[in-house]
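Shown next: input_9.txt, containing compact mmCIF, C-alpha atoms.
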```txt
# COMPACT_ATOMS: atom_id res chain seq x y z
CA MET A 1 -8.59 1.48 -1.89
CA ARG A 2 -7.49 -1.91 -0.59
CA ALA A 3 -7.76 -3.34 2.91
CA LEU A 4 -6.38 -6.51 4.49
CA VAL A 5 -8.40 -7.98 7.38
CA ILE A 6 -6.37 -10.39 9.53
CA GLU A 7 -8.84 -11.91 12.00
CA ASP A 8 -9.24 -15.60 12.95
CA ASP A 9 -12.92 -15.23 13.93
CA LYS A 10 -14.54 -15.75 10.52
CA LEU A 11 -17.89 -14.30 11.57
CA LEU A 12 -16.25 -11.10 12.80
CA SER A 13 -13.97 -10.95 9.76
CA ASN A 14 -16.94 -11.27 7.42
CA ALA A 15 -18.82 -8.60 9.36
CA ILE A 16 -15.87 -6.20 9.10
CA CYS A 17 -15.54 -6.85 5.37
CA SER A 18 -19.26 -6.28 4.90
CA ASN A 19 -18.94 -2.92 6.66
CA ILE A 20 -15.98 -1.67 4.67
CA GLY A 21 -16.92 -3.27 1.35
CA GLY A 22 -18.52 -0.10 0.03
CA THR A 23 -15.21 1.75 0.25
CA PHE A 24 -12.51 -0.90 0.09
CA GLU A 25 -11.59 -3.85 -2.02
CA TYR A 26 -10.59 -6.31 0.70
CA GLU A 27 -8.76 -9.55 1.33
CA GLN A 28 -9.02 -11.79 4.36
CA ALA A 29 -6.52 -13.86 6.34
CA PHE A 30 -7.50 -16.12 9.23
CA ASP A 31 -4.17 -16.62 10.98
CA GLY A 32 -1.04 -14.56 11.55
CA GLU A 33 1.21 -16.41 9.11
CA GLU A 34 -1.23 -16.04 6.23
CA GLY A 35 -1.81 -12.39 7.11
CA LEU A 36 1.90 -11.61 7.20
CA TYR A 37 2.43 -13.31 3.85
CA LEU A 38 -0.34 -11.29 2.19
CA ALA A 39 0.82 -8.04 3.76
CA GLU A 40 4.35 -8.64 2.46
CA GLN A 41 3.27 -9.62 -1.04
CA ASN A 42 0.60 -7.00 -1.75
CA ILE A 43 0.03 -3.27 -1.35
CA TYR A 44 -2.79 -2.18 0.97
CA ASP A 45 -4.09 1.16 2.21
CA VAL A 46 -4.91 -0.22 5.66
CA VAL A 47 -4.46 -3.44 7.64
CA ILE A 48 -7.02 -4.41 10.29
CA LEU A 49 -5.09 -6.75 12.57
CA ASP A 50 -6.36 -8.93 15.42
CA VAL A 51 -3.98 -9.47 18.34
CA MET A 52 -4.82 -13.00 19.46
CA MET A 53 -4.49 -15.39 16.50
CA PRO A 54 -3.15 -18.88 15.78
CA LYS A 55 0.33 -19.50 14.32
CA LYS A 56 1.51 -15.91 14.81
CA ASP A 57 -0.09 -13.26 17.00
CA GLY A 58 -0.81 -9.72 15.89
CA TYR A 59 2.15 -8.22 17.75
CA ASN A 60 4.57 -10.52 15.92
CA VAL A 61 2.90 -9.77 12.57
CA LEU A 62 3.13 -6.02 13.19
CA ALA A 63 6.76 -6.23 14.33
CA ALA A 64 7.69 -8.23 11.22
CA LEU A 65 5.98 -5.71 8.92
CA ARG A 66 7.71 -2.73 10.48
CA ASP A 67 11.08 -4.52 10.47
CA LYS A 68 10.69 -5.00 6.71
CA GLY A 69 9.95 -1.30 6.24
CA ILE A 70 6.26 -1.83 5.41
CA LYS A 71 4.55 1.34 6.64
CA THR A 72 0.94 0.48 5.81
CA PRO A 73 -1.39 1.96 8.47
CA VAL A 74 -2.46 -0.73 10.98
CA ILE A 75 -5.52 -0.76 13.25
CA MET A 76 -5.18 -3.43 15.94
CA LEU A 77 -8.20 -5.28 17.31
CA THR A 78 -8.08 -6.84 20.77
CA ALA A 79 -10.27 -8.13 23.57
CA LYS A 80 -7.74 -6.74 26.06
CA ASP A 81 -8.33 -3.24 27.42
CA GLY A 82 -5.14 -3.00 29.48
CA ILE A 83 -2.88 0.01 29.02
CA ASP A 84 0.19 -2.23 28.78
CA ASP A 85 -1.26 -4.02 25.75
CA LYS A 86 -2.02 -0.74 24.01
CA VAL A 87 1.42 0.67 24.76
CA LYS A 88 3.01 -2.50 23.36
CA GLY A 89 1.02 -2.18 20.14
CA PHE A 90 1.84 1.50 19.67
CA LYS A 91 5.52 0.95 20.39
CA LEU A 92 5.62 -1.74 17.70
CA GLY A 93 4.17 0.72 15.19
CA ALA A 94 0.38 0.40 15.38
CA ASP A 95 -1.51 3.46 14.16
CA ASP A 96 -4.72 2.85 16.12
CA TYR A 97 -6.17 0.40 18.63
CA LEU A 98 -9.78 -0.77 18.92
CA VAL A 99 -11.09 -2.88 21.81
CA LYS A 100 -13.67 -5.63 21.20
CA PRO A 101 -16.60 -5.53 21.20
CA PHE A 102 -16.82 -2.39 19.09
CA HIS A 103 -19.60 -0.74 17.12
CA ARG A 104 -19.17 -1.01 13.37
CA GLN A 105 -19.56 2.75 13.01
CA GLU A 106 -16.60 3.30 15.33
CA LEU A 107 -14.40 1.13 13.12
CA LEU A 108 -15.44 3.07 10.03
CA VAL A 109 -14.75 6.40 11.73
CA ARG A 110 -11.32 5.17 12.90
CA ILE A 111 -10.44 4.04 9.36
CA GLU A 112 -11.62 7.34 7.84
CA SER A 113 -9.55 9.29 10.38
CA LEU A 114 -6.50 7.15 9.69
CA MET A 115 -6.87 7.62 5.92
CA ARG A 116 -7.13 11.41 6.36
CA ARG A 117 -3.99 11.48 8.49
CA SER A 118 -1.97 9.30 6.13
CA LYS A 119 -3.07 11.24 3.04
CA GLY A 120 -2.43 14.56 4.77
CA ALA A 121 1.12 13.51 5.63
CA LEU A 122 1.65 12.27 2.09
CA LYS A 123 0.58 15.57 0.54
CA GLU A 124 3.33 17.37 2.41
CA HIS A 125 5.91 14.80 1.43
CA ILE A 126 8.28 14.87 -1.50
CA LEU A 127 9.11 11.43 -2.84
CA SER A 128 12.62 10.92 -4.12
CA PHE A 129 14.56 8.32 -6.03
CA LYS A 130 18.22 9.13 -6.56
CA GLY A 131 18.07 12.57 -8.26
CA LEU A 132 14.39 12.23 -9.22
CA THR A 133 11.95 14.09 -6.98
CA LEU A 134 8.16 14.03 -7.06
CA ASN A 135 6.26 16.84 -5.38
CA LEU A 136 2.90 15.31 -4.49
CA SER A 137 1.23 18.59 -3.59
CA ASN A 138 1.60 20.19 -7.02
CA ARG A 139 2.25 16.94 -8.95
CA THR A 140 5.54 18.02 -10.49
CA ALA A 141 8.62 15.93 -11.18
CA ARG A 142 12.25 16.95 -11.54
CA VAL A 143 15.63 15.41 -12.16
CA GLY A 144 18.05 18.03 -10.88
CA ASN A 145 16.91 21.33 -12.36
CA GLU A 146 15.03 19.71 -15.24
CA GLU A 147 11.25 19.61 -14.86
CA LEU A 148 9.63 16.56 -16.46
CA ALA A 149 6.17 16.73 -17.99
CA PHE A 150 4.14 13.82 -16.63
CA GLN A 151 0.43 14.05 -17.31
CA GLY A 152 -2.45 12.65 -15.27
CA LYS A 153 -2.07 8.96 -14.63
CA GLN A 154 1.52 8.98 -15.88
CA PHE A 155 2.41 10.83 -12.69
CA ASP A 156 0.25 8.44 -10.64
CA VAL A 157 1.99 5.34 -12.04
CA LEU A 158 5.44 6.83 -11.47
CA GLU A 159 4.47 7.86 -7.93
CA TYR A 160 3.30 4.30 -7.21
CA LEU A 161 6.57 2.85 -8.51
CA VAL A 162 8.73 5.30 -6.54
CA SER A 163 6.66 4.76 -3.38
CA ASN A 164 7.47 1.06 -3.67
CA LYS A 165 11.01 1.28 -5.05
CA ASN A 166 12.93 -1.99 -5.26
CA THR A 167 9.62 -3.86 -4.99
CA ILE A 168 8.05 -5.73 -7.91
CA LEU A 169 4.54 -4.46 -8.59
CA THR A 170 2.37 -6.74 -10.68
CA LYS A 171 0.44 -5.28 -13.59
CA LYS A 172 -2.75 -6.10 -11.68
CA GLN A 173 -1.57 -4.18 -8.62
CA ILE A 174 -0.76 -1.14 -10.75
CA PHE A 175 -4.00 -1.40 -12.72
CA ASP A 176 -6.18 -1.79 -9.61
CA ARG A 177 -4.48 1.09 -7.82
CA ILE A 178 -4.44 3.61 -10.67
CA TRP A 179 -7.47 2.71 -12.79
CA GLY A 180 -9.58 0.75 -10.31
CA PHE A 181 -10.67 -2.85 -10.47
CA ASP A 182 -14.02 -1.83 -12.01
CA SER A 183 -12.44 0.20 -14.84
CA ASP A 184 -13.70 -0.41 -18.39
CA THR A 185 -10.19 -0.29 -19.86
CA THR A 186 -7.88 -3.32 -20.13
CA MET A 187 -4.70 -4.14 -18.25
CA THR A 188 -2.57 -3.44 -21.34
CA VAL A 189 -2.92 0.24 -20.45
CA VAL A 190 -0.26 -0.39 -17.78
CA ASP A 191 2.29 -1.29 -20.48
CA VAL A 192 1.37 1.78 -22.54
CA TYR A 193 1.76 4.19 -19.63
CA THR A 194 5.00 2.60 -18.42
CA SER A 195 6.43 2.89 -21.92
CA ASN A 196 5.49 6.57 -22.06
CA ILE A 197 7.03 7.19 -18.63
CA ARG A 198 10.28 5.63 -19.85
CA LYS A 199 10.30 7.93 -22.89
CA ILE A 200 9.95 11.00 -20.67
CA LEU A 201 12.70 9.78 -18.33
CA LYS A 202 15.08 8.94 -21.19
CA SER A 203 16.42 12.49 -21.54
CA SER A 204 17.79 12.30 -17.98
CA GLY A 205 18.93 8.67 -18.25
CA TYR A 206 16.44 7.54 -15.62
CA ASP A 207 14.52 5.24 -17.95
CA LYS A 208 17.07 2.50 -17.19
CA TYR A 209 15.87 2.30 -13.58
CA ILE A 210 12.38 1.09 -14.52
CA LYS A 211 12.74 -2.65 -14.82
CA THR A 212 10.33 -4.96 -16.63
CA VAL A 213 9.87 -8.30 -14.88
CA ARG A 214 8.53 -10.38 -17.76
CA GLY A 215 5.18 -11.99 -17.17
CA ILE A 216 4.78 -10.21 -13.83
CA GLY A 217 5.05 -6.44 -13.86
CA TYR A 218 7.43 -3.56 -13.18
CA MET A 219 9.69 -2.09 -10.54
CA ILE A 220 11.91 0.92 -10.13
CA THR A 221 15.26 -0.30 -8.88
CA ASP A 222 18.47 1.27 -7.61
CA SER A 223 20.59 -1.03 -9.71
CA GLY A 224 19.50 0.14 -13.15
CA GLU A 225 20.23 -3.34 -14.50
CA GLU A 226 19.05 -4.61 -17.86
CA ASN A 227 15.41 -5.71 -17.96
CA GLU A 228 14.66 -9.38 -17.48
```
Translate this structure into structure tokens?
Amino acid sequence: MRALVIEDDKLLSNAICSNIGGTFEYEQAFDGEEGLYLAEQNIYDVVILDVMMPKKDGYNVLAALRDKGIKTPVIMLTAKDGIDDKVKGFKLGADDYLVKPFHRQELLVRIESLMRRSKGALKEHILSFKGLTLNLSNRTARVGNEELAFQGKQFDVLEYLVSNKNTILTKKQIFDRIWGFDSDTTMTVVDVYTSNIRKILKSSGYDKYIKTVRGIGYMITDSGEENE
């Protein structure tokens, strides 16, 4: 899993990353503008977001993310314990709120709880793209009444593409998410699996919606245009 820590206090940021490093691959940003850029460009499982930061505060970062349709779970960190500040954060789309100073164990428990909630909601959800539906609870895929036979990580790659439709996913993003950054296999496996997914989708004509962005990665797009 991947986490983004947006915190201008480098000592605190490093301490947070040290605490979550056993579970998450993490990236750090030390001001709001940098944090917003990373959150827009990459896919994370959770964002740990400080409120008071230079260049752009946490509220503005959160509002910008939600306006762009980025639904990544966000835990806000703040030195303010006022109810108005918490209400503001929750209204903007925060998922949790932690007041400084906090015990490291409390942060870990909050993250674990948030991951359980987000995964639980996902399991009940059916992803859809045009006439293609993915049932995440029983890992089946259909186009209309036709059931498509995706096996193992084929389903995982397709789910990742559909979850981020109309967004370019780099080969590294796909590889890290599906196989893990410490996998023994090579990144060419992404091309192999994407090719196989296209073959399975061809019977329904949906292969045309998976677009290759040469030198970068793949995306599933509404337009169904020719690959670049």
List as a tab-separated table every residue of segment 103-191 of chain A that is in contact with segment 74-83 of chain A, defined as an atom at most 9 Å from one of its atoms (using all atoms listed in the file), together with the nearest atom pair and the distance in Å rounded to one decimal, sorted by chain and then rising number.
```
residue	atom	partner	partner_atom	distance
A:Arg110	CA	A:Ile75	CA	8.3
A:Ile111	CA	A:Ile75	CA	7.9
A:Leu114	CA	A:Ile75	CA	8.7
```
Interatomic distance, atom CA of Leu4 of chain A to atom CA of Leu38 of chain A (Å, one decimal):
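A separation of 8.0 Å between them.
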Excluding Ala39 of chain A and its own-chain neighbours fewer than 4 positions away, which residues fall within 9 Å of it when counting only C-alpha atoms? Please give them as a list in words.
Leu4, Glu34, Gly35, Ile43, Tyr44, Val47, Leu65, Ile70 and Thr72 of chain A
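Minimum distance to Lys153 of chain A across A:Ala15, A:Val190, A:Ala141, A:Val99 (counting all atoms listed in the file) occurs at A:Val190.
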Shortest interatomic distance to Leu62 of chain A - which of A:Leu98, A:Glu112, A:Thr212, A:Ile6, counting all atoms listed in the file
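Looking at the shortest contact to Leu62 of chain A, the residue is A:Ile6.
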Which residue of A:Lys211, A:Lys91, A:Arg104, A:Lys199 approaches Asn166 of chain A most closely, using all atoms listed in the file:
A:Lys211
Compare A:Met187, A:Asn19, A:Asn42, A:Lys86 by their minimum atom-to-atom distance to Val109 of chain A, counting only C-alpha atoms, and give me the closest one.
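Nearest to Val109 of chain A: A:Asn19.
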Using only C-alpha atoms, find the one residue out of A:Met1, A:Val87, A:Leu92, A:Val46 that sits nearest to Trp179 of chain A.
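Among the listed residues, A:Met1 lies closest to Trp179 of chain A.
Straight-line separation from atom CA of Arg142 of chain A to atom CA of Ser128 of chain A: 9.6 Å.
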To one decimal place, how far is atom CA of Leu107 of chain A from atom CA of Asp45 of chain A in Å?
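So the two atoms, atom CA of Leu107 of chain A and atom CA of Asp45 of chain A, lie 15.0 Å apart.
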Using only C-alpha atoms, which of the listed residues (A:Gly217, A:Gly69, A:Gly205, A:Gly152) sits closest to Thr170 of chain A?
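With only C-alpha atoms as the atom set, the closest residue is A:Gly217.
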I need every residue sitting at most 10 Å from the point (-9.1, -13.5, 16.6) (coordinates as in the file, only C-alpha atoms considered), written as a PDB file with C-alpha atoms, in the frame of the given file.
```pdb
ATOM      1  CA  ILE A   6      -6.370 -10.390   9.530  1.00  0.00           C
ATOM      2  CA  GLU A   7      -8.840 -11.910  12.000  1.00  0.00           C
ATOM      3  CA  ASP A   8      -9.240 -15.600  12.950  1.00  0.00           C
ATOM      4  CA  ASP A   9     -12.920 -15.230  13.930  1.00  0.00           C
ATOM      5  CA  LYS A  10     -14.540 -15.750  10.520  1.00  0.00           C
ATOM      6  CA  LEU A  12     -16.250 -11.100  12.800  1.00  0.00           C
ATOM      7  CA  SER A  13     -13.970 -10.950   9.760  1.00  0.00           C
ATOM      8  CA  PHE A  30      -7.500 -16.120   9.230  1.00  0.00           C
ATOM      9  CA  ASP A  31      -4.170 -16.620  10.980  1.00  0.00           C
ATOM     10  CA  GLY A  32      -1.040 -14.560  11.550  1.00  0.00           C
ATOM     11  CA  LEU A  49      -5.090  -6.750  12.570  1.00  0.00           C
ATOM     12  CA  ASP A  50      -6.360  -8.930  15.420  1.00  0.00           C
ATOM     13  CA  VAL A  51      -3.980  -9.470  18.340  1.00  0.00           C
ATOM     14  CA  MET A  52      -4.820 -13.000  19.460  1.00  0.00           C
ATOM     15  CA  MET A  53      -4.490 -15.390  16.500  1.00  0.00           C
ATOM     16  CA  PRO A  54      -3.150 -18.880  15.780  1.00  0.00           C
ATOM     17  CA  ASP A  57      -0.090 -13.260  17.000  1.00  0.00           C
ATOM     18  CA  GLY A  58      -0.810  -9.720  15.890  1.00  0.00           C
ATOM     19  CA  LEU A  77      -8.200  -5.280  17.310  1.00  0.00           C
ATOM     20  CA  THR A  78      -8.080  -6.840  20.770  1.00  0.00           C
ATOM     21  CA  ALA A  79     -10.270  -8.130  23.570  1.00  0.00           C
TER      22      ALA A  79
END
```
How close does each residue of segment 171-197 of chain A get to segment 207-210 of chain A, giving the shortest atom pair and distance in Å to one decimal for every residue with an atom at most 12 Å away, counting only C-alpha atoms, sorted by chain and residue number, as CSV?
```
residue,atom,partner,partner_atom,distance
A:Asp191,CA,A:Ile210,CA,12.0
A:Thr194,CA,A:Ile210,CA,8.5
A:Ser195,CA,A:Asp207,CA,9.3
A:Asn196,CA,A:Asp207,CA,10.0
A:Ile197,CA,A:Asp207,CA,7.8
```
Incomplete segment 136-161 of chain A brought to N, CA, C and O atoms, written out as a compact mmCIF listing (two decimals), in the coordinates of the input:
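Result saved to selection22.txt:
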```txt
# COMPACT_ATOMS: atom_id res chain seq x y z
N LEU A 136 4.26 15.84 -4.42
CA LEU A 136 2.90 15.31 -4.49
C LEU A 136 1.84 16.39 -4.32
O LEU A 136 0.68 16.16 -4.65
N SER A 137 2.23 17.54 -3.79
CA SER A 137 1.23 18.59 -3.59
C SER A 137 0.88 19.29 -4.89
O SER A 137 -0.28 19.60 -5.16
N ASN A 138 1.90 19.54 -5.74
CA ASN A 138 1.60 20.19 -7.02
C ASN A 138 1.83 19.28 -8.22
O ASN A 138 1.74 19.72 -9.37
N ARG A 139 2.13 17.98 -7.93
CA ARG A 139 2.25 16.94 -8.95
C ARG A 139 3.27 17.32 -10.03
O ARG A 139 3.00 17.25 -11.23
N THR A 140 4.45 17.73 -9.57
CA THR A 140 5.54 18.02 -10.49
C THR A 140 6.69 17.06 -10.24
O THR A 140 6.85 16.54 -9.13
N ALA A 141 7.48 16.84 -11.28
CA ALA A 141 8.62 15.93 -11.18
C ALA A 141 9.86 16.62 -11.74
O ALA A 141 9.78 17.35 -12.73
N ARG A 142 11.00 16.36 -11.09
CA ARG A 142 12.25 16.95 -11.54
C ARG A 142 13.39 15.94 -11.41
O ARG A 142 13.38 15.11 -10.51
N VAL A 143 14.33 16.05 -12.33
CA VAL A 143 15.63 15.41 -12.16
C VAL A 143 16.64 16.55 -12.17
O VAL A 143 16.85 17.19 -13.20
N GLY A 144 17.21 16.85 -11.01
CA GLY A 144 18.05 18.03 -10.88
C GLY A 144 17.22 19.27 -11.12
O GLY A 144 16.19 19.48 -10.50
N ASN A 145 17.64 20.10 -12.04
CA ASN A 145 16.91 21.33 -12.36
C ASN A 145 15.93 21.16 -13.52
O ASN A 145 15.23 22.09 -13.90
N GLU A 146 15.91 19.96 -14.10
CA GLU A 146 15.03 19.71 -15.24
C GLU A 146 13.64 19.26 -14.78
O GLU A 146 13.50 18.27 -14.06
N GLU A 147 12.62 20.01 -15.19
CA GLU A 147 11.25 19.61 -14.86
C GLU A 147 10.74 18.67 -15.95
O GLU A 147 10.91 18.93 -17.14
N LEU A 148 10.13 17.57 -15.54
CA LEU A 148 9.63 16.56 -16.46
C LEU A 148 8.12 16.64 -16.55
O LEU A 148 7.43 16.79 -15.53
N ALA A 149 7.60 16.52 -17.76
CA ALA A 149 6.17 16.73 -17.99
C ALA A 149 5.41 15.41 -17.96
O ALA A 149 5.19 14.77 -18.99
N PHE A 150 5.00 15.00 -16.77
CA PHE A 150 4.14 13.82 -16.63
C PHE A 150 2.70 14.29 -16.50
O PHE A 150 2.39 15.17 -15.71
N GLN A 151 1.83 13.65 -17.28
CA GLN A 151 0.43 14.05 -17.31
C GLN A 151 -0.45 13.01 -16.61
O GLN A 151 -0.26 11.82 -16.80
N GLY A 152 -1.42 13.51 -15.84
CA GLY A 152 -2.45 12.65 -15.27
C GLY A 152 -1.94 11.37 -14.64
O GLY A 152 -1.13 11.38 -13.72
N LYS A 153 -2.40 10.26 -15.20
CA LYS A 153 -2.07 8.96 -14.63
C LYS A 153 -0.61 8.55 -14.86
O LYS A 153 -0.12 7.62 -14.21
N GLN A 154 0.09 9.22 -15.76
CA GLN A 154 1.52 8.98 -15.88
C GLN A 154 2.21 9.30 -14.55
O GLN A 154 3.04 8.53 -14.05
N PHE A 155 1.85 10.44 -13.99
CA PHE A 155 2.41 10.83 -12.69
C PHE A 155 2.01 9.82 -11.62
O PHE A 155 2.81 9.44 -10.77
N ASP A 156 0.75 9.37 -11.64
CA ASP A 156 0.25 8.44 -10.64
C ASP A 156 1.01 7.11 -10.69
O ASP A 156 1.36 6.54 -9.64
N VAL A 157 1.26 6.61 -11.90
CA VAL A 157 1.99 5.34 -12.04
C VAL A 157 3.42 5.51 -11.53
O VAL A 157 3.93 4.65 -10.79
N LEU A 158 4.07 6.59 -11.91
CA LEU A 158 5.44 6.83 -11.47
C LEU A 158 5.49 6.98 -9.94
O LEU A 158 6.39 6.45 -9.28
N GLU A 159 4.53 7.70 -9.39
CA GLU A 159 4.47 7.86 -7.93
C GLU A 159 4.34 6.49 -7.25
O GLU A 159 5.01 6.23 -6.24
N TYR A 160 3.51 5.63 -7.79
CA TYR A 160 3.30 4.30 -7.21
C TYR A 160 4.59 3.49 -7.27
O TYR A 160 4.95 2.79 -6.31
N LEU A 161 5.31 3.57 -8.38
CA LEU A 161 6.57 2.85 -8.51
C LEU A 161 7.62 3.38 -7.53
O LEU A 161 8.30 2.60 -6.85
```
